[in-house]
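Enquirer: So here's structure.cif (mmCIF, C-alpha atoms).
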```cif
data_upload
#
loop_
_atom_site.label_atom_id
_atom_site.label_comp_id
_atom_site.auth_asym_id
_atom_site.auth_seq_id
_atom_site.Cartn_x
_atom_site.Cartn_y
_atom_site.Cartn_z
CA MET A 1 78.06 91.33 93.39
CA LEU A 2 76.20 89.71 96.26
CA VAL A 3 72.61 89.00 95.35
CA THR A 4 70.22 88.06 98.13
CA SER A 5 66.59 87.42 97.39
CA HIS A 6 64.08 86.77 100.13
CA ASN A 7 60.89 85.26 98.82
CA HIS A 8 57.91 87.53 99.22
CA LEU A 9 56.01 85.49 96.67
CA GLY A 10 54.45 83.28 99.34
CA ASN A 11 51.27 81.43 98.67
CA THR A 12 49.29 82.66 101.67
CA GLU A 13 46.21 80.71 100.60
CA HIS A 14 48.01 77.46 101.38
CA GLY A 15 50.21 78.97 104.15
CA TYR A 16 53.68 78.31 102.70
CA LEU A 17 56.43 80.20 100.90
CA SER A 18 56.83 79.14 97.31
CA LYS A 19 60.28 78.34 95.98
CA ILE A 20 62.38 80.76 93.92
CA THR A 21 63.18 79.06 90.63
CA SER A 22 64.72 81.87 88.61
CA LEU A 23 66.56 85.17 89.12
CA GLU A 24 67.39 87.80 86.56
CA TYR A 25 69.11 91.17 86.55
CA PHE A 26 69.16 94.10 84.17
CA PHE A 27 70.41 97.67 84.04
CA ASP A 28 68.58 100.99 83.81
CA THR A 29 65.51 99.88 81.81
CA ALA A 30 63.24 96.95 82.65
CA PRO A 31 62.68 94.39 79.91
CA GLU A 32 59.69 92.05 79.99
CA PRO A 33 59.87 89.49 82.81
CA GLY A 34 62.13 86.62 81.78
CA LYS A 35 64.05 88.76 79.25
CA GLY A 36 66.77 90.00 81.67
CA ASN A 37 70.18 88.44 82.29
CA HIS A 38 69.66 85.03 83.87
CA ILE A 39 71.33 84.11 87.19
CA SER A 40 71.49 80.38 87.97
CA VAL A 41 69.96 79.43 91.32
CA THR A 42 69.12 76.29 93.23
CA SER A 43 65.38 76.31 93.80
CA ASP A 44 64.57 77.22 97.41
CA SER A 45 62.27 79.51 99.41
CA GLU A 46 65.25 81.78 100.19
CA VAL A 47 68.24 82.24 97.90
CA SER A 48 71.61 83.90 98.64
CA ILE A 49 74.22 83.84 95.90
CA THR A 50 77.42 85.60 95.00
CA THR A 51 77.98 86.08 91.30
CA THR A 52 79.82 88.27 88.85
CA ILE A 53 77.70 90.36 86.55
CA ASP A 54 78.88 91.72 83.22
CA THR A 55 79.08 95.53 83.20
CA SER A 56 81.30 95.82 80.10
CA ASN A 57 78.49 97.29 77.95
CA LEU A 58 77.77 100.11 80.41
CA ASP A 59 79.15 103.58 79.84
CA PRO A 60 80.95 105.29 82.74
CA GLY A 61 78.57 107.04 85.11
CA MET A 62 75.58 106.28 87.34
CA HIS A 63 73.32 103.35 86.54
CA ARG A 64 70.78 101.21 88.36
CA VAL A 65 71.02 97.44 88.62
CA TYR A 66 67.70 95.67 89.01
CA ILE A 67 66.95 92.12 90.14
CA ARG A 68 63.75 90.13 90.22
CA ALA A 69 62.81 86.57 91.14
CA LYS A 70 60.27 84.09 89.78
CA ASP A 71 58.66 81.40 91.91
CA GLU A 72 57.61 77.85 91.14
CA THR A 73 54.13 79.02 90.09
CA GLY A 74 55.65 81.28 87.40
CA THR A 75 54.87 84.49 89.31
CA TRP A 76 57.49 87.25 89.11
CA GLY A 77 58.20 89.19 92.28
CA ILE A 78 58.68 92.90 92.85
CA VAL A 79 61.75 94.38 91.17
CA GLN A 80 64.50 95.51 93.57
CA SER A 81 67.17 98.01 92.50
CA ARG A 82 70.40 99.59 93.70
CA PRO A 83 72.56 102.40 92.31
CA LEU A 84 75.70 101.34 90.47
CA LEU A 85 78.60 103.66 89.60
CA ILE A 86 80.79 102.63 86.67
CA GLN A 87 84.21 104.28 86.65
CA ILE A 88 87.08 103.79 84.26
CA VAL A 89 90.28 103.50 86.25
CA ASP A 90 93.51 104.21 84.43
CA ASP A 91 96.26 102.31 86.20
CA SER A 92 99.02 104.18 84.40
CA LEU A 93 100.19 107.32 86.15
CA PRO A 94 101.95 110.19 84.41
CA ASP A 95 105.50 111.03 85.40
CA ILE A 96 106.05 113.94 87.76
CA VAL A 97 108.44 116.11 85.78
CA LYS A 98 108.73 119.28 87.87
CA LEU A 99 108.75 120.08 91.58
CA GLU A 100 108.91 123.61 92.88
CA TYR A 101 108.73 125.35 96.22
CA PHE A 102 108.16 128.89 97.38
CA PHE A 103 107.78 130.76 100.64
CA ASP A 104 104.79 132.77 101.86
CA THR A 105 103.55 134.23 98.54
CA ASP A 106 102.70 132.26 95.40
CA PRO A 107 104.78 133.53 92.47
CA GLY A 108 102.62 131.61 89.98
CA GLN A 109 102.90 128.11 88.56
CA GLY A 110 106.34 127.46 87.12
CA SER A 111 107.88 130.46 88.88
CA GLY A 112 108.88 128.81 92.17
CA SER A 113 112.33 127.47 93.04
CA ASN A 114 113.04 124.18 91.28
CA ILE A 115 113.90 120.95 93.06
CA ILE A 116 116.16 118.70 91.00
CA PHE A 117 115.04 115.05 90.75
CA GLU A 118 114.61 112.18 88.29
CA PRO A 119 111.08 112.19 86.70
CA SER A 120 108.91 109.31 87.88
CA PRO A 121 105.24 108.59 88.73
CA TYR A 122 106.23 108.45 92.41
CA VAL A 123 108.73 110.91 93.85
CA HIS A 124 110.18 110.84 97.37
CA ILE A 125 112.79 113.52 97.97
CA LYS A 126 114.72 114.72 100.97
CA THR A 127 116.44 118.02 100.33
CA ASN A 128 117.61 121.16 102.06
CA VAL A 129 116.17 124.47 100.97
CA PRO A 130 117.86 127.79 101.68
CA ILE A 131 116.11 130.02 104.22
CA HIS A 132 118.87 132.58 104.83
CA HIS A 133 116.88 135.28 103.00
CA LEU A 134 113.85 134.94 105.31
CA GLN A 135 113.29 137.34 108.19
CA LYS A 136 112.62 136.35 111.78
CA GLY A 137 109.01 135.22 112.30
CA GLU A 138 106.44 132.76 110.93
CA HIS A 139 106.66 131.54 107.36
CA SER A 140 105.05 128.93 105.15
CA ILE A 141 106.80 126.77 102.58
CA TYR A 142 104.70 125.49 99.69
CA VAL A 143 105.52 122.64 97.32
CA ARG A 144 103.73 121.63 94.12
CA ALA A 145 104.32 119.28 91.23
CA GLN A 146 103.71 119.21 87.50
CA ASP A 147 103.20 116.00 85.52
CA ASP A 148 104.13 115.20 81.94
CA ASN A 149 100.57 116.14 80.85
CA ASP A 150 101.34 119.71 82.07
CA ALA A 151 98.83 119.34 84.93
CA TRP A 152 99.79 121.03 88.22
CA SER A 153 99.00 119.61 91.63
CA LEU A 154 97.53 121.66 94.42
CA SER A 155 100.16 123.25 96.64
CA LYS A 156 100.94 121.54 99.95
CA ASN A 157 102.32 123.68 102.72
CA ALA A 158 103.95 123.60 106.13
CA THR A 159 104.35 126.47 108.57
CA PHE A 160 107.56 127.11 110.48
CA SER A 161 109.15 129.87 112.58
CA ILE A 162 112.53 131.50 112.37
CA ILE A 163 113.31 132.48 115.93
CA ASP A 164 116.62 134.17 115.34
CA SER A 165 118.47 135.15 112.19
CA PRO A 166 121.75 133.32 111.64
CA PRO A 167 124.83 135.38 112.56
CA GLU A 168 126.51 137.33 109.81
CA ILE A 169 130.31 137.61 109.73
CA THR A 170 131.20 141.21 108.89
CA SER A 171 134.98 140.94 108.90
CA PHE A 172 137.46 138.12 108.89
CA LYS A 173 141.25 138.24 109.24
CA VAL A 174 143.91 135.58 109.70
CA SER A 175 147.25 136.58 111.24
CA ASP A 176 150.11 134.14 111.13
CA HIS A 177 152.78 136.31 112.76
CA SER A 178 153.33 133.67 115.38
CA SER A 179 153.72 129.93 115.50
CA THR A 180 149.95 129.64 116.13
CA PRO A 181 147.78 131.46 113.59
CA VAL A 182 145.22 133.85 115.06
CA ILE A 183 141.81 134.24 113.50
CA THR A 184 139.96 137.47 114.18
CA TYR A 185 136.38 138.00 113.13
CA GLU A 186 133.40 140.18 113.94
CA ILE A 187 129.91 138.80 114.13
CA PHE A 188 126.85 140.95 113.61
CA ARG A 189 123.55 139.63 114.86
#
```
Rewrite the structure of this file - the entire thing - as structure tokens.

Expert:
Amino acid sequence: MLVTSHNHLGNTEHGYLSKITSLEYFFDTAPEPGKGNHISVTSDSEVSITTTIDTSNLDPGMHRVYIRAKDETGTWGIVQSRPLLIQIVDDSLPDIVKLEYFFDTDPGQGSGSNIIFEPSPYVHIKTNVPIHHLQKGEHSIYVRAQDDNDAWSLSKNATFSIIDSPPEITSFKVSDHSSTPVITYEIFR
């Protein structure tokens, strides 16, 4: 935490800025002056320090950190404060154990087409998905994941167009009545 204190405790009667001799910080509730957490400073009329403050006793959530300075005459300055958010970060990620995809309409979680993969916290997969059953036109493919805590991700989607249906072979015949076989087939589009 960077703590900068500019002395506003000046002794205007004698026309000089008094020196800061002590800094303290505290969280959420103000103790009596001098009863906060002490920050070591070199006495000067302006102090800028970088220090680490202990937040281990704070519960997760919003707090306020306060700081105040005392000058060489023993006068405490005005308390300054800033918001402080304490978050617990869990570095361990659950394994992704299921991936599924679906087209156009959501069949419900767990009812999409499965993608086979090895469970891991990070999954990168390249795969082909069948689209032969889709009609000509615009479609959306959706993909979602489930982790080993049974939590589902939001679905991610991409839109694509099928411009023409693939040809369908309606009959197929091989004749080998000659030295070069002849293949006859009909294609329906």

Enquirer: If you apply the PyMOL selection byres ((chain A and resi 26) around 9) to this file, what residues do you get, as a PyMOL selection string?

Expert: chain A and resi 24-25+27-31+35-37+64-67

Enquirer: Go ahead and write the residues just picked, C-alpha atoms, as a compact mmCIF listing (two decimals), in the frame of the given file.

Expert:
```
# COMPACT_ATOMS: atom_id res chain seq x y z
CA GLU A 24 67.39 87.80 86.56
CA TYR A 25 69.11 91.17 86.55
CA PHE A 27 70.41 97.67 84.04
CA ASP A 28 68.58 100.99 83.81
CA THR A 29 65.51 99.88 81.81
CA ALA A 30 63.24 96.95 82.65
CA PRO A 31 62.68 94.39 79.91
CA LYS A 35 64.05 88.76 79.25
CA GLY A 36 66.77 90.00 81.67
CA ASN A 37 70.18 88.44 82.29
CA ARG A 64 70.78 101.21 88.36
CA VAL A 65 71.02 97.44 88.62
CA TYR A 66 67.70 95.67 89.01
CA ILE A 67 66.95 92.12 90.14
```

Enquirer: Quick one, how far is CA of Thr75 (chain A) from CA of Ser43 (chain A)?

Expert: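 The value is 14.1 Å.
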
Enquirer: Nearest to Ile78 (chain A) among A:Asp90, A:Ile116, A:Thr51, A:Leu23, with distances taken over only C-alpha atoms: which residue is it?

Expert: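 Of A:Asp90, A:Ile116, A:Thr51, A:Leu23, the one nearest Ile78 (chain A) is A:Leu23, counting only C-alpha atoms.
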
Enquirer: Taking only residues of region 20-124 of chain A that have an atom at most 12 Å from an atom of region 143-151 of chain A, what is each one's shortest atom pair and its distance in Å to one decimal, using all atoms listed in the file, in chain and number order, as a tab-separated table?

Expert:
```
residue	atom	partner	partner_atom	distance
A:Leu93	CA	A:Asp147	CA	9.2
A:Pro94	CA	A:Asp148	CA	6.0
A:Asp95	CA	A:Asp147	CA	5.5
A:Ile96	CA	A:Asp147	CA	4.2
A:Val97	CA	A:Asp147	CA	5.2
A:Lys98	CA	A:Gln146	CA	5.0
A:Leu99	CA	A:Ala145	CA	4.5
A:Glu100	CA	A:Val143	CA	5.7
A:Tyr101	CA	A:Val143	CA	4.3
A:Phe102	CA	A:Val143	CA	6.8
A:Phe103	CA	A:Val143	CA	9.1
A:Asp104	CA	A:Val143	CA	11.1
A:Thr105	CA	A:Val143	CA	11.8
A:Asp106	CA	A:Val143	CA	10.2
A:Pro107	CA	A:Val143	CA	11.9
A:Gly108	CA	A:Arg144	CA	10.9
A:Gln109	CA	A:Arg144	CA	8.6
A:Gly110	CA	A:Gln146	CA	8.7
A:Ser111	CA	A:Arg144	CA	11.1
A:Gly112	CA	A:Val143	CA	8.7
A:Ser113	CA	A:Val143	CA	9.4
A:Asn114	CA	A:Val143	CA	9.8
A:Ile115	CA	A:Val143	CA	9.6
A:Ile116	CA	A:Ala145	CA	11.9
A:Phe117	CA	A:Ala145	CA	11.5
A:Pro119	CA	A:Asp147	CA	8.8
A:Ser120	CA	A:Asp147	CA	9.1
A:Pro121	CA	A:Asp147	CA	8.3
A:Tyr122	CA	A:Asp147	CA	10.7
A:Val123	CA	A:Ala145	CA	9.8
A:His124	CA	A:Ala145	CA	12.0
```

Enquirer: Could you please determine the separation between CA of Ile20 (chain A) and CA of Thr55 (chain A) in Å, to one decimal place?

Expert: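 Atom-to-atom, CA of Ile20 (chain A) to CA of Thr55 (chain A), that is 24.7 Å.
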